[in-house]
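Participant: Quick one, structure09.csv (CSV, C-alpha atoms):
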chain,number,residue,atom,x,y,z
F,1,MET,CA,-27.5,153.4,184.9
F,2,LYS,CA,-24.5,155.1,183.2
F,3,PRO,CA,-22.9,153.2,180.4
F,4,ASP,CA,-19.4,151.9,181.0
F,5,ILE,CA,-17.5,154.4,178.8
F,6,ASP,CA,-13.8,153.6,178.4
F,7,PHE,CA,-12.4,157.1,177.7
F,8,GLU,CA,-8.7,157.6,177.8
F,9,PRO,CA,-7.3,160.4,180.0
F,10,ALA,CA,-6.3,162.8,177.2
F,11,VAL,CA,-8.7,165.6,176.4
F,12,GLY,CA,-8.4,167.4,173.1
F,13,ARG,CA,-9.5,170.9,172.3
F,14,TYR,CA,-9.1,173.4,169.5
F,15,LEU,CA,-7.1,176.5,170.4
F,16,ARG,CA,-7.4,179.8,168.6
F,17,LEU,CA,-4.3,181.8,168.6
F,18,ASN,CA,-2.0,184.0,166.6
F,19,ILE,CA,1.3,182.6,165.4
F,20,ALA,CA,3.7,185.2,164.0
F,21,GLY,CA,0.7,187.5,163.6
F,22,GLU,CA,-1.4,185.1,161.7
F,23,PRO,CA,-4.6,183.5,163.1
F,24,HIS,CA,-4.5,179.8,163.5
F,25,ARG,CA,-6.7,177.0,164.8
F,26,VAL,CA,-4.5,174.5,166.6
F,27,TYR,CA,-5.5,171.1,168.1
F,28,VAL,CA,-4.1,170.5,171.6
F,29,GLU,CA,-4.3,167.5,173.8
F,30,THR,CA,-3.6,167.4,177.5
F,31,ALA,CA,-3.5,164.6,180.1
F,32,GLY,CA,-2.4,164.4,183.7
F,33,GLN,CA,-1.4,167.2,186.0
F,34,GLY,CA,1.7,168.5,187.5
F,35,VAL,CA,4.9,169.5,185.8
F,36,PRO,CA,4.0,170.7,182.3
F,37,LEU,CA,5.7,168.5,179.6
F,38,LEU,CA,5.2,170.0,176.1
F,39,CYS,CA,5.6,167.3,173.4
F,40,LEU,CA,6.5,168.0,169.7
F,41,HIS,CA,5.7,165.4,167.1
F,42,THR,CA,7.9,164.3,164.1
F,43,ALA,CA,7.7,165.6,160.6
F,44,GLY,CA,4.5,164.7,158.7
F,45,ALA,CA,2.9,163.3,161.8
F,46,ASP,CA,0.8,164.5,164.8
F,47,THR,CA,0.1,164.3,168.5
F,48,ARG,CA,-1.0,160.6,168.3
F,49,GLN,CA,2.6,159.7,168.5
F,50,TYR,CA,2.5,160.6,172.2
F,51,ARG,CA,-0.5,158.4,173.0
F,52,ALA,CA,1.4,156.1,175.3
F,53,LEU,CA,2.7,159.0,177.5
F,54,GLN,CA,-0.8,160.3,177.7
F,55,ASN,CA,-2.0,156.9,179.0
F,56,ASP,CA,0.7,156.1,181.5
F,57,ALA,CA,-0.8,156.5,184.9
F,58,GLY,CA,2.5,156.9,186.7
F,59,ILE,CA,3.6,159.8,184.4
F,60,LEU,CA,0.1,161.4,184.5
F,61,GLU,CA,0.2,161.5,188.3
F,62,ARG,CA,3.2,163.9,188.2
F,63,PHE,CA,3.2,165.5,184.7
F,64,GLN,CA,0.7,167.4,182.6
F,65,VAL,CA,1.5,165.9,179.2
F,66,ILE,CA,0.6,168.4,176.5
F,67,ALA,CA,0.9,167.7,172.8
F,68,PHE,CA,-0.3,169.8,169.9
F,69,ASP,CA,-0.5,169.4,166.1
F,70,LEU,CA,1.6,171.9,164.3
F,71,PRO,CA,-0.4,174.0,161.8
F,72,TRP,CA,-1.0,171.9,158.7
F,73,HIS,CA,-0.7,168.7,160.7
F,74,GLY,CA,-3.2,166.3,162.2
F,75,LYS,CA,-6.4,168.2,163.3
F,76,SER,CA,-4.8,171.7,163.1
F,77,SER,CA,-5.8,173.6,160.1
F,78,PRO,CA,-3.5,175.1,157.6
F,79,PRO,CA,-3.8,178.9,157.5
F,80,ALA,CA,-6.3,180.6,155.2
F,81,GLY,CA,-5.0,180.7,151.7
F,82,TRP,CA,-3.0,177.5,152.1
F,83,HIS,CA,-3.9,176.4,148.6
F,84,GLN,CA,-2.0,179.4,147.2
F,85,CYS,CA,1.3,178.8,148.9
F,86,ARG,CA,3.9,176.1,149.3
F,87,TYR,CA,4.3,174.8,152.9
F,88,ARG,CA,7.8,175.0,154.2
F,89,LEU,CA,8.6,174.8,157.9
F,90,THR,CA,11.3,177.3,159.0
F,91,THR,CA,13.2,177.6,162.3
F,92,GLN,CA,11.5,180.9,162.9
F,93,GLY,CA,8.0,179.7,162.2
F,94,TYR,CA,8.4,176.5,164.2
F,95,GLU,CA,9.8,178.4,167.2
F,96,ALA,CA,7.0,180.9,167.0
F,97,ALA,CA,4.4,178.1,167.0
F,98,VAL,CA,5.8,176.4,170.1
F,99,LEU,CA,6.2,179.6,172.0
F,100,ALA,CA,2.7,180.7,171.0
F,101,VAL,CA,1.1,177.5,172.3
F,102,ALA,CA,3.1,177.6,175.5
F,103,ASP,CA,2.0,181.2,176.1
F,104,ALA,CA,-1.6,180.6,175.1
F,105,LEU,CA,-1.7,177.8,177.7
F,106,ALA,CA,0.2,179.9,180.2
F,107,LEU,CA,2.7,177.1,180.8
F,108,ALA,CA,5.3,178.2,183.3
F,109,ARG,CA,8.7,177.0,182.3
F,110,PRO,CA,7.5,173.7,180.8
F,111,LEU,CA,9.8,170.8,180.0
F,112,VAL,CA,9.8,170.5,176.2
F,113,MET,CA,10.3,167.2,174.5
F,114,GLY,CA,10.5,166.7,170.8
F,115,CYS,CA,11.3,164.0,168.3
F,116,SER,CA,13.1,164.3,165.0
F,117,ILE,CA,12.2,167.8,163.8
F,118,GLY,CA,11.0,168.2,167.3
F,119,GLY,CA,14.3,166.9,168.6
F,120,ARG,CA,16.0,169.6,166.5
F,121,MET,CA,13.6,172.2,167.7
F,122,VAL,CA,14.3,171.6,171.3
F,123,LEU,CA,17.9,172.4,170.6
F,124,HIS,CA,16.9,175.7,169.0
F,125,LEU,CA,14.6,176.5,172.0
F,126,ALA,CA,17.3,175.6,174.5
F,127,LEU,CA,19.7,177.9,172.6
F,128,SER,CA,17.5,180.9,171.9
F,129,HIS,CA,14.9,180.7,174.8
F,130,PRO,CA,16.6,178.9,177.6
F,131,ASP,CA,14.7,180.7,180.3
F,132,ARG,CA,11.3,179.9,178.9
F,133,PHE,CA,11.8,176.2,179.5
F,134,GLY,CA,12.5,174.1,182.5
F,135,GLY,CA,14.5,171.6,180.5
F,136,ALA,CA,14.7,170.1,177.0
F,137,ILE,CA,14.5,166.4,176.0
F,138,GLY,CA,15.6,165.7,172.4
F,139,LEU,CA,14.5,162.4,170.9
F,140,GLN,CA,16.4,161.5,167.7
F,141,SER,CA,18.2,164.8,168.0
F,142,GLY,CA,20.9,165.7,165.5
F,143,ALA,CA,22.3,169.1,164.5
F,144,HIS,CA,21.7,168.5,160.8
F,145,VAL,CA,20.7,165.9,158.3
F,146,ASP,CA,21.6,166.0,154.6
F,147,PRO,CA,18.8,164.7,152.4
F,148,TYR,CA,19.6,161.2,151.2
F,149,TYR,CA,16.8,160.9,148.7
F,150,ASP,CA,15.0,163.2,146.3
F,151,LEU,CA,12.4,164.9,148.5
F,152,GLU,CA,10.3,165.7,145.5
F,153,TRP,CA,9.0,162.1,145.6
F,154,LEU,CA,7.1,163.0,148.7
F,155,ASN,CA,4.8,165.5,147.0
F,156,ARG,CA,3.7,164.9,143.5
F,157,PRO,CA,0.1,164.2,142.4
F,158,ASP,CA,1.0,161.1,140.4
F,159,VAL,CA,2.5,159.3,143.5
F,160,HIS,CA,0.3,158.4,146.4
F,161,GLY,CA,1.5,160.6,149.3
F,162,GLY,CA,0.4,158.3,152.0
F,163,GLU,CA,2.0,155.3,150.4
F,164,VAL,CA,5.3,157.0,149.7
F,165,CYS,CA,5.6,158.8,153.0
F,166,ALA,CA,5.1,155.6,154.9
F,167,GLY,CA,7.4,153.7,152.6
F,168,ILE,CA,10.1,156.2,153.1
F,169,VAL,CA,10.0,156.1,156.9
F,170,SER,CA,9.1,152.4,157.5
F,171,GLY,CA,12.7,151.4,157.8
F,172,LEU,CA,13.3,154.0,160.4
F,173,ILE,CA,11.2,151.9,162.8
F,174,GLY,CA,13.3,149.4,164.8
F,175,PRO,CA,12.9,145.9,163.3
F,176,GLY,CA,11.9,144.5,166.6
F,177,SER,CA,9.3,147.1,167.5
F,178,PRO,CA,5.8,145.6,168.0
F,179,GLU,CA,3.8,145.2,164.8
F,180,VAL,CA,0.7,147.0,166.3
F,181,HIS,CA,2.8,150.1,167.1
F,182,ARG,CA,4.8,149.9,163.8
F,183,TRP,CA,1.7,150.1,161.7
F,184,GLU,CA,0.0,152.7,163.9
F,185,THR,CA,3.0,154.9,163.4
F,186,LEU,CA,3.0,154.3,159.6
F,187,TRP,CA,-0.8,155.0,159.5
F,188,HIS,CA,-0.1,158.5,160.9
F,189,TYR,CA,2.4,159.0,158.0
F,190,MET,CA,-0.2,157.8,155.6
F,191,GLN,CA,-2.5,160.6,156.7
F,192,SER,CA,-0.6,163.9,156.4
F,193,GLY,CA,-1.7,166.4,153.8
F,194,PRO,CA,0.1,166.7,150.4
F,195,GLY,CA,3.5,168.3,150.8
F,196,VAL,CA,3.4,168.5,154.6
F,197,PHE,CA,6.1,165.9,155.3
F,198,GLN,CA,8.2,167.4,152.5
F,199,GLY,CA,7.7,170.9,153.9
F,200,ASP,CA,8.8,169.8,157.3
F,201,LEU,CA,11.9,168.4,155.9
F,202,HIS,CA,12.9,171.8,154.7
F,203,PHE,CA,13.5,172.6,158.4
F,204,TYR,CA,15.1,169.2,159.0
F,205,THR,CA,17.5,169.2,156.1
F,206,ALA,CA,18.2,172.9,155.4
F,207,ASP,CA,16.8,175.8,157.5
F,208,GLY,CA,17.1,174.2,160.9
F,209,ASP,CA,20.8,173.4,160.6
F,210,ILE,CA,22.3,174.1,164.1
F,211,ARG,CA,25.8,172.7,163.7
F,212,GLU,CA,27.5,176.0,164.1
F,213,LYS,CA,25.6,177.0,167.2
F,214,ALA,CA,24.7,173.9,169.1
F,215,ALA,CA,27.8,174.1,171.3
F,216,ALA,CA,26.6,177.4,172.7
F,217,ILE,CA,23.6,175.8,174.4
F,218,ASP,CA,23.9,176.6,178.1
F,219,THR,CA,22.7,173.6,179.9
F,220,ARG,CA,22.9,175.4,183.3
F,221,ARG,CA,20.0,177.6,182.1
F,222,CYS,CA,18.2,174.9,180.2
F,223,PRO,CA,19.3,171.3,180.9
F,224,LEU,CA,19.3,169.0,178.0
F,225,TRP,CA,18.8,165.2,177.6
F,226,LEU,CA,19.2,163.3,174.3
F,227,LEU,CA,17.8,159.9,173.6
F,228,THR,CA,18.3,158.2,170.3
F,229,GLY,CA,17.4,154.8,168.9
F,230,GLU,CA,20.2,152.6,167.5
F,231,TYR,CA,18.3,151.7,164.3
F,232,ASP,CA,17.7,155.3,163.3
F,233,TYR,CA,19.6,156.1,160.0
F,234,SER,CA,18.0,159.5,159.7
F,235,CYS,CA,19.3,161.0,162.9
F,236,THR,CA,21.9,158.4,163.7
F,237,PRO,CA,23.4,157.5,167.1
F,238,GLU,CA,26.6,159.0,165.8
F,239,ASP,CA,24.8,162.3,165.2
F,240,THR,CA,23.5,162.3,168.7
F,241,ALA,CA,26.9,161.3,170.2
F,242,HIS,CA,28.5,164.2,168.2
F,243,LEU,CA,26.0,166.6,169.7
F,244,GLY,CA,26.2,165.2,173.2
F,245,GLU,CA,30.0,165.5,173.2
F,246,ARG,CA,29.9,169.1,172.0
F,247,ILE,CA,27.3,170.5,174.3
F,248,ALA,CA,28.7,170.9,177.8
F,249,GLY,CA,26.4,169.3,180.4
F,250,ALA,CA,24.2,167.5,177.9
F,251,ARG,CA,23.3,163.9,178.9
F,252,TRP,CA,22.7,161.4,176.1
F,253,GLN,CA,21.9,157.8,175.7
F,254,ILE,CA,21.4,155.4,172.8
F,255,MET,CA,18.2,153.3,173.1
F,256,GLU,CA,18.8,149.7,172.1
F,257,GLY,CA,16.6,148.2,169.4
F,258,MET,CA,14.7,151.4,168.8
F,259,GLY,CA,14.3,153.5,165.7
F,260,HIS,CA,13.3,157.0,164.8
F,261,PHE,CA,9.9,157.1,166.6
F,262,PRO,CA,10.5,155.8,170.1
F,263,MET,CA,7.4,157.1,171.8
F,264,SER,CA,5.2,155.7,169.1
F,265,GLU,CA,6.9,152.6,167.7
F,266,ASP,CA,7.7,150.8,171.0
F,267,PRO,CA,6.2,152.8,173.9
F,268,ASP,CA,6.9,150.3,176.7
F,269,ARG,CA,10.6,150.1,175.9
F,270,PHE,CA,10.8,153.9,175.4
F,271,LEU,CA,9.2,154.7,178.7
F,272,ARG,CA,11.9,152.6,180.5
F,273,TYR,CA,14.4,155.1,179.1
F,274,LEU,CA,12.3,158.1,179.6
F,275,ARG,CA,11.1,157.7,183.2
F,276,PRO,CA,14.5,158.4,184.8
F,277,VAL,CA,15.0,161.3,182.5
F,278,LEU,CA,11.7,162.8,183.5
F,279,GLU,CA,12.6,162.4,187.1
F,280,GLU,CA,15.9,164.2,186.7
F,281,ALA,CA,14.3,166.9,184.6
F,282,ALA,CA,11.4,167.5,187.0
F,283,ALA,CA,13.8,167.7,189.9
F,284,GLY,CA,16.1,170.1,188.1
F,285,ARG,CA,13.2,172.3,187.1
F,286,ALA,CA,11.9,172.4,190.7
F,287,ALA,CA,15.3,173.4,192.0
F,288,ARG,CA,15.6,176.3,189.5
F,289,LEU,CA,12.0,177.5,190.2
F,290,ASP,CA,12.7,177.7,194.0
B,1,MET,CA,28.8,130.8,142.3
B,2,PHE,CA,26.6,133.8,143.3
B,3,GLN,CA,23.3,132.1,142.7
B,4,ASP,CA,22.9,131.3,146.3
B,5,LEU,CA,22.2,134.9,147.4
B,6,LEU,CA,18.5,134.8,146.6
B,7,PRO,CA,16.6,131.8,147.9
B,8,ARG,CA,15.4,129.3,145.3
B,9,ASP,CA,11.8,129.8,146.3
B,10,PHE,CA,12.0,133.6,146.3
B,11,ALA,CA,9.1,134.0,143.9
B,12,ASP,CA,6.9,131.5,145.8
B,13,ARG,CA,7.7,133.3,149.1
B,14,VAL,CA,6.4,136.5,147.5
B,15,ASN,CA,3.5,135.1,145.6
B,16,CYS,CA,2.0,133.2,148.5
B,17,ARG,CA,1.5,136.4,150.4
B,18,GLU,CA,-1.9,137.4,149.3
B,19,ARG,CA,-1.9,140.8,150.9
B,20,LEU,CA,1.5,141.6,149.4
B,21,THR,CA,0.5,140.6,145.8
B,22,TRP,CA,-2.8,142.5,146.3
B,23,ARG,CA,-0.8,145.6,147.3
B,24,GLY,CA,1.2,145.2,144.0
B,25,ARG,CA,-1.9,144.5,141.9
B,26,HIS,CA,-1.3,147.5,139.7
B,27,LEU,CA,2.4,146.9,139.2
B,28,ASP,CA,4.0,145.5,136.1
B,29,THR,CA,7.8,146.0,135.9
B,30,ASP,CA,11.2,144.4,135.6
B,31,PHE,CA,14.1,145.4,137.8
B,32,LEU,CA,17.7,144.4,138.1
B,33,LEU,CA,19.1,143.3,141.4
B,34,GLU,CA,22.9,143.5,141.3
B,35,ALA,CA,25.2,142.0,143.9
B,36,GLY,CA,28.8,142.8,142.9
B,37,GLU,CA,29.5,140.7,139.8
B,38,ALA,CA,26.2,138.8,139.9
B,39,ALA,CA,22.8,140.1,138.8
B,40,TRP,CA,19.2,139.0,138.6
B,41,LEU,CA,16.4,140.3,136.4
B,42,ILE,CA,13.1,140.1,138.3
B,43,GLY,CA,9.9,140.3,136.4
B,44,ILE,CA,6.7,141.4,138.2
B,45,ARG,CA,3.2,141.1,136.7
B,46,ARG,CA,0.2,142.3,138.6
B,47,GLY,CA,2.2,142.1,141.9
B,48,ARG,CA,3.4,138.6,141.4
B,49,ILE,CA,6.9,137.6,140.6
B,50,GLU,CA,6.7,135.9,137.3
B,51,SER,CA,10.4,135.4,136.6
B,52,VAL,CA,13.8,135.5,138.3
B,53,ARG,CA,16.6,135.1,135.9
B,54,GLY,CA,20.3,135.1,136.9
B,55,GLY,CA,23.0,136.8,134.8
B,56,PRO,CA,25.3,137.4,133.2
B,57,PHE,CA,23.1,139.3,130.7
B,58,VAL,CA,24.1,140.6,127.3
B,59,MET,CA,21.4,143.2,126.7
B,60,PRO,CA,19.2,143.3,129.8
B,61,ARG,CA,16.1,145.5,129.9
B,62,TRP,CA,14.8,146.9,133.2
B,63,ARG,CA,13.0,150.0,134.6
B,64,PHE,CA,15.3,150.4,137.6
B,65,ALA,CA,18.3,148.7,139.2
B,66,LEU,CA,19.3,148.1,142.8
B,67,ARG,CA,23.1,147.8,142.9
B,68,ALA,CA,25.2,146.9,145.9
B,69,GLU,CA,28.2,144.8,146.7
B,70,ARG,CA,27.5,141.2,147.5
B,71,GLY,CA,28.6,141.6,151.1
B,72,VAL,CA,26.1,144.4,151.6
B,73,TRP,CA,23.2,142.2,150.3
B,74,GLU,CA,24.4,139.4,152.5
B,75,ARG,CA,24.2,141.6,155.6
B,76,PHE,CA,20.8,143.0,154.4
B,77,LEU,CA,19.5,139.4,154.0
B,78,GLN,CA,20.4,138.3,157.5
B,79,PRO,CA,17.4,137.2,159.6
B,80,ARG,CA,17.9,140.2,161.9
B,81,PRO,CA,20.2,142.7,160.0
B,82,GLU,CA,22.3,145.0,162.0
B,83,PRO,CA,21.5,148.8,162.1
B,84,GLY,CA,22.2,150.5,158.8
B,85,PHE,CA,21.8,147.2,156.9
B,86,HIS,CA,18.1,146.6,157.8
B,87,ASP,CA,16.4,148.6,155.1
B,88,ILE,CA,17.1,149.7,151.5
B,89,MET,CA,16.7,153.4,152.4
B,90,ALA,CA,19.3,152.9,155.1
B,91,LEU,CA,21.6,151.3,152.5
B,92,ILE,CA,21.0,154.3,150.3
B,93,LYS,CA,21.7,156.8,153.1
B,94,PHE,CA,25.0,155.2,153.8
B,95,ARG,CA,25.9,155.0,150.1
B,96,ARG,CA,25.9,151.2,150.2
B,97,LEU,CA,23.1,150.8,147.6
B,98,ARG,CA,22.6,152.7,144.4
B,99,ALA,CA,19.0,152.9,143.0
B,100,GLU,CA,19.3,153.7,139.3
B,101,GLY,CA,17.1,154.1,136.3
B,102,ASP,CA,13.4,155.0,136.2
B,103,LEU,CA,12.6,154.9,139.9
B,104,TYR,CA,8.9,155.7,139.4
B,105,PRO,CA,7.7,152.1,139.9
B,106,LEU,CA,10.0,151.7,143.0
B,107,MET,CA,8.8,154.9,144.7
B,108,CYS,CA,5.1,154.4,143.8
B,109,ASN,CA,5.3,150.9,145.4
B,110,LEU,CA,8.0,151.4,148.1
B,111,LEU,CA,6.2,149.4,150.8
B,112,TYR,CA,5.6,146.6,148.3
B,113,PHE,CA,9.2,146.4,147.2
B,114,LYS,CA,10.5,146.5,150.8
B,115,GLU,CA,8.4,143.5,151.7
B,116,VAL,CA,9.4,141.7,148.5
B,117,LEU,CA,13.1,142.1,149.4
B,118,GLU,CA,12.3,141.0,153.0
B,119,CYS,CA,11.0,137.8,151.5
B,120,ALA,CA,14.5,137.0,150.4
B,121,ARG,CA,15.8,137.1,153.9
B,122,LYS,CA,17.3,134.0,155.4
B,123,GLU,CA,15.1,131.9,157.5
B,124,GLY,CA,15.1,132.4,161.3
B,125,ALA,CA,13.9,136.1,161.4
B,126,GLN,CA,12.5,136.7,164.9
Show the structure stored in the file as structure tokens.
Facilitator:
Amino acid sequence: MKPDIDFEPAVGRYLRLNIAGEPHRVYVETAGQGVPLLCLHTAGADTRQYRALQNDAGILERFQVIAFDLPWHGKSSPPAGWHQCRYRLTTQGYEAAVLAVADALALARPLVMGCSIGGRMVLHLALSHPDRFGGAIGLQSGAHVDPYYDLEWLNRPDVHGGEVCAGIVSGLIGPGSPEVHRWETLWHYMQSGPGVFQGDLHFYTADGDIREKAAAIDTRRCPLWLLTGEYDYSCTPEDTAHLGERIAGARWQIMEGMGHFPMSEDPDRFLRYLRPVLEEAAAGRAARLD
Amino acid sequence: MFQDLLPRDFADRVNCRERLTWRGRHLDTDFLLEAGEAAWLIGIRRGRIESVRGGPFVMPRWRFALRAERGVWERFLQPRPEPGFHDIMALIKFRRLRAEGDLYPLMCNLLYFKEVLECARKEGAQ
């Protein structure tokens, strides 16, 4: 008799590919089938943030939910020679990674959804590669964030990286978000390698600044939705409103009670906001593919 | 007149949390909490609050100071603070709180200090 094994739907595999000409080993998870939905995690975190989407039967019936760990993150390796260099995420490198994974998996005009740095990246993708994607969903998307603390605290051998990274982001979780998901989200932050969160914030606070260009996003070619939590003081509701009002055709909404990590900190509440967006996005993508 | 900002049993609220004091077991420090004209010196030994002394002070000694207007702390200490007043990093982001001095003990023990300050919140938090 077969044992009763309670596997979740997601399947994870390691993908070998070149990103910007450099060999990488990237961890990818997929669940469900249908419209491809490529999910980008936040700075200093990994694919586990999308665990609820990858377990939602209704979504998995219609969408193939794909998430991958950026190089240096989660179960993806840093490149050979990592110990000799300083990790810094750039717009160019991040774009290259997303496009390389989409190409390697032969995803045809996937929907792309990202949070925080991922929410910024979907703006860059919608601007620079609108015809590669069927639509973009930005969670906690802002055009730019000025650093509001000394980022060097995140990466010094005499301060525990896991403790300080979790301490920095803990207030970004909505106060009413369920304890189990709050601490799961913080656990992910406690696990990133030294300097990875700090290196991601180079993109978030400097290199990925899209203030001057965001208004040029053509939502007729790549429709754009923005969802932001009201308790987020990193990418604030005002930042998202500012973006939403300047990008013609962008649709945006502030999510009550939520913070910076909606899909991970309070999945049930988040999915109530996301489901109608996914419906619209899938319908729009289908219309343009016809 | 400002002594009512922190609850009288603030130290007890912290010290009865076994997991919290364990988290701070390597921490010995004194910090200043300033609320407009009022200030408190809070002494921590091995993660337990050993002293809470109200000002005014003539020659206070502390490793770091958290300074904000009284109204800011009052909003922070509500049972369910409004967005932007719910966390010390949010207060810092919006320039409502200044963290000064040697921030090393604060940053090494950030989760600890956040929970300590939450202990000063008014009763009724959901």
Participant: Please find the residues of chain B near chain F - the criterion being any atom within 9 Å, counting all atoms listed in the file - and write them as a list in words.
Facilitator: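 Residues passing the distance filter: Arg80, Pro81, Glu82, Pro83, Gly84, His86, Asp87, Ile88, Met89, Ala90, Ile92, Lys93, Phe94, Arg95, Tyr104, Met107, Cys108, Asn109, Leu110, Leu111, Tyr112, Lys114 and Gln126 of chain B.
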Participant: Compile the contact shell of region 78-93 of chain F as a PyMOL selection string: residues with an atom at most 10 Å away, counting all atoms listed in the file, same-chain residues fewer than 2 positions apart removed.
Facilitator: chain F and resi 19-20+22-26+43+70-76+95-99+117+120-121+124-125+193-204+206-210
Participant: Just give me the gap between CA of Pro110 (chain F) and CA of Phe63 (chain F) in Å, one decimal is fine.
Facilitator: 10.0 Å
Participant: Can you work out which one of F:Gly118, F:Gly12, F:Gly58, F:Gly44 has the shortest atom-to-atom distance to Arg275 (chain F), counting all atoms listed in the file?
Facilitator: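 Looking at the shortest contact to Arg275 (chain F), the residue is F:Gly58.
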Participant: Check the smallest atom-to-atom distance from each of B:Pro7, B:Pro105, B:Gly71, B:Gly54 to Leu33 (chain B) using all atoms listed in the file, then report the winner.
Facilitator: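 Of all the options, B:Gly54 lies closest to Leu33 (chain B).
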Participant: Using Å and a single decimal, report how far CA of Arg220 (chain F) sits from CA of Ile66 (chain F).
Facilitator: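 Atom-to-atom, CA of Ile66 (chain F) and CA of Arg220 (chain F) are spaced 24.3 Å apart.
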Participant: Measuring between all atoms listed in the file, which one of B:Ala99, B:Ile49, B:Ala120, B:Ala35 shows the shortest distance to Leu66 (chain B)?
Facilitator: B:Ala99
Participant: For each of F:Asp56, F:Glu61, F:Glu179, F:Glu280, take the minimum atom-to-atom distance to Leu224 (chain F), counting only C-alpha atoms, then give the residue where this is smallest.
Facilitator: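 For Leu224 (chain F), the nearest of the given residues is F:Glu280.
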Participant: Any idea what's packed within 12 Å of Ala38 (chain B), counting all atoms listed in the file, ignoring anything in its chain fewer than 6 positions away? Could you give it as a PDB file with C-alpha atoms, in the coordinates of the input?
Facilitator:
ATOM      1  CA  MET B   1      28.800 130.800 142.300  1.00  0.00           C
ATOM      2  CA  PHE B   2      26.600 133.800 143.300  1.00  0.00           C
ATOM      3  CA  GLN B   3      23.300 132.100 142.700  1.00  0.00           C
ATOM      4  CA  ASP B   4      22.900 131.300 146.300  1.00  0.00           C
ATOM      5  CA  LEU B   5      22.200 134.900 147.400  1.00  0.00           C
ATOM      6  CA  LEU B   6      18.500 134.800 146.600  1.00  0.00           C
ATOM      7  CA  LEU B  32      17.700 144.400 138.100  1.00  0.00           C
ATOM      8  CA  ARG B  53      16.600 135.100 135.900  1.00  0.00           C
ATOM      9  CA  GLY B  54      20.300 135.100 136.900  1.00  0.00           C
ATOM     10  CA  GLY B  55      23.000 136.800 134.800  1.00  0.00           C
ATOM     11  CA  PRO B  56      25.300 137.400 133.200  1.00  0.00           C
ATOM     12  CA  PHE B  57      23.100 139.300 130.700  1.00  0.00           C
ATOM     13  CA  LEU B  66      19.300 148.100 142.800  1.00  0.00           C
ATOM     14  CA  ARG B  67      23.100 147.800 142.900  1.00  0.00           C
ATOM     15  CA  ALA B  68      25.200 146.900 145.900  1.00  0.00           C
ATOM     16  CA  GLU B  69      28.200 144.800 146.700  1.00  0.00           C
ATOM     17  CA  ARG B  70      27.500 141.200 147.500  1.00  0.00           C
ATOM     18  CA  GLY B  71      28.600 141.600 151.100  1.00  0.00           C
ATOM     19  CA  TRP B  73      23.200 142.200 150.300  1.00  0.00           C
TER      20      TRP B  73
END
Participant: If you take all atoms listed in the file and a cut-off of 12 Å, which residues of region 247-276 of chain F touch region 132-144 of chain F, and what are their nearest atom pairs and distances in Å to one decimal, in chain and number order, as a tab-separated table?
Facilitator:
residue	atom	partner	partner_atom	distance
F:Ile247	CA	F:Ala143	CA	11.1
F:Ala250	CA	F:Ala136	CA	9.9
F:Arg251	CA	F:Ile137	CA	9.6
F:Trp252	CA	F:Gly138	CA	9.1
F:Gln253	CA	F:Leu139	CA	9.9
F:Ile254	CA	F:Gln140	CA	9.4
F:Met255	CA	F:Gln140	CA	10.0
F:Met258	CA	F:Gln140	CA	10.3
F:Gly259	CA	F:Gln140	CA	8.5
F:His260	CA	F:Gln140	CA	6.2
F:Phe261	CA	F:Gln140	CA	7.9
F:Pro262	CA	F:Leu139	CA	7.8
F:Met263	CA	F:Leu139	CA	8.9
F:Ser264	CA	F:Leu139	CA	11.6
F:Phe270	CA	F:Leu139	CA	10.3
F:Tyr273	CA	F:Leu139	CA	11.0
F:Leu274	CA	F:Ile137	CA	9.3
F:Arg275	CA	F:Ile137	CA	11.8
F:Pro276	CA	F:Ile137	CA	11.9
Participant: Would you compute the distance between CA of Gly36 (chain B) and CA of Asp102 (chain B)? Give it in Å to one decimal.
Facilitator: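 Computing it gives 20.8 Å between the two atoms.
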Participant: Compile the contact shell of His26 (chain B) as a compact mmCIF listing (two decimals) with C-alpha atoms, keeping the file's coordinate frame: residues with an atom at most 10 Å away, counting all atoms listed in the file, same-chain residues fewer than 4 positions apart removed.
Facilitator:
# COMPACT_ATOMS: atom_id res chain seq x y z
CA THR B 21 0.50 140.60 145.80
CA TRP B 22 -2.80 142.50 146.30
CA ARG B 45 3.20 141.10 136.70
CA ARG B 46 0.20 142.30 138.60
CA GLY B 47 2.20 142.10 141.90
CA ASN B 109 5.30 150.90 145.40
Participant: Please determine, counting all atoms listed in the file, which residue among F:Ala57, F:Ala31, F:Leu40, F:Ala100 has the shortest atom-to-atom distance to Asn18 (chain F).
Facilitator: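 For Asn18 (chain F), the nearest of the given residues is F:Ala100.
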Participant: Using only C-alpha atoms, can you tell me which of B:Phe64, B:Leu77, B:Arg48, B:Glu123 comes closest to Cys16 (chain B)?
Facilitator: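 That would be B:Arg48, the residue with the smallest distance to Cys16 (chain B).
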Participant: Please return, as a list in words, all polymer residues that have at least one atom within 10 Å of the point (2.0, 165.1, 180.9); use only C-alpha atoms and the file's own coordinate frame.
Facilitator: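 Protein and nucleic acid residues near the point are Ala10, Glu29, Thr30, Ala31, Gly32, Gln33, Gly34, Val35, Pro36, Leu37, Leu38, Cys39, Tyr50, Leu53, Gln54, Asn55, Asp56, Ala57, Ile59, Leu60, Glu61, Arg62, Phe63, Gln64, Val65, Ile66, Ala67 and Leu111 of chain F.
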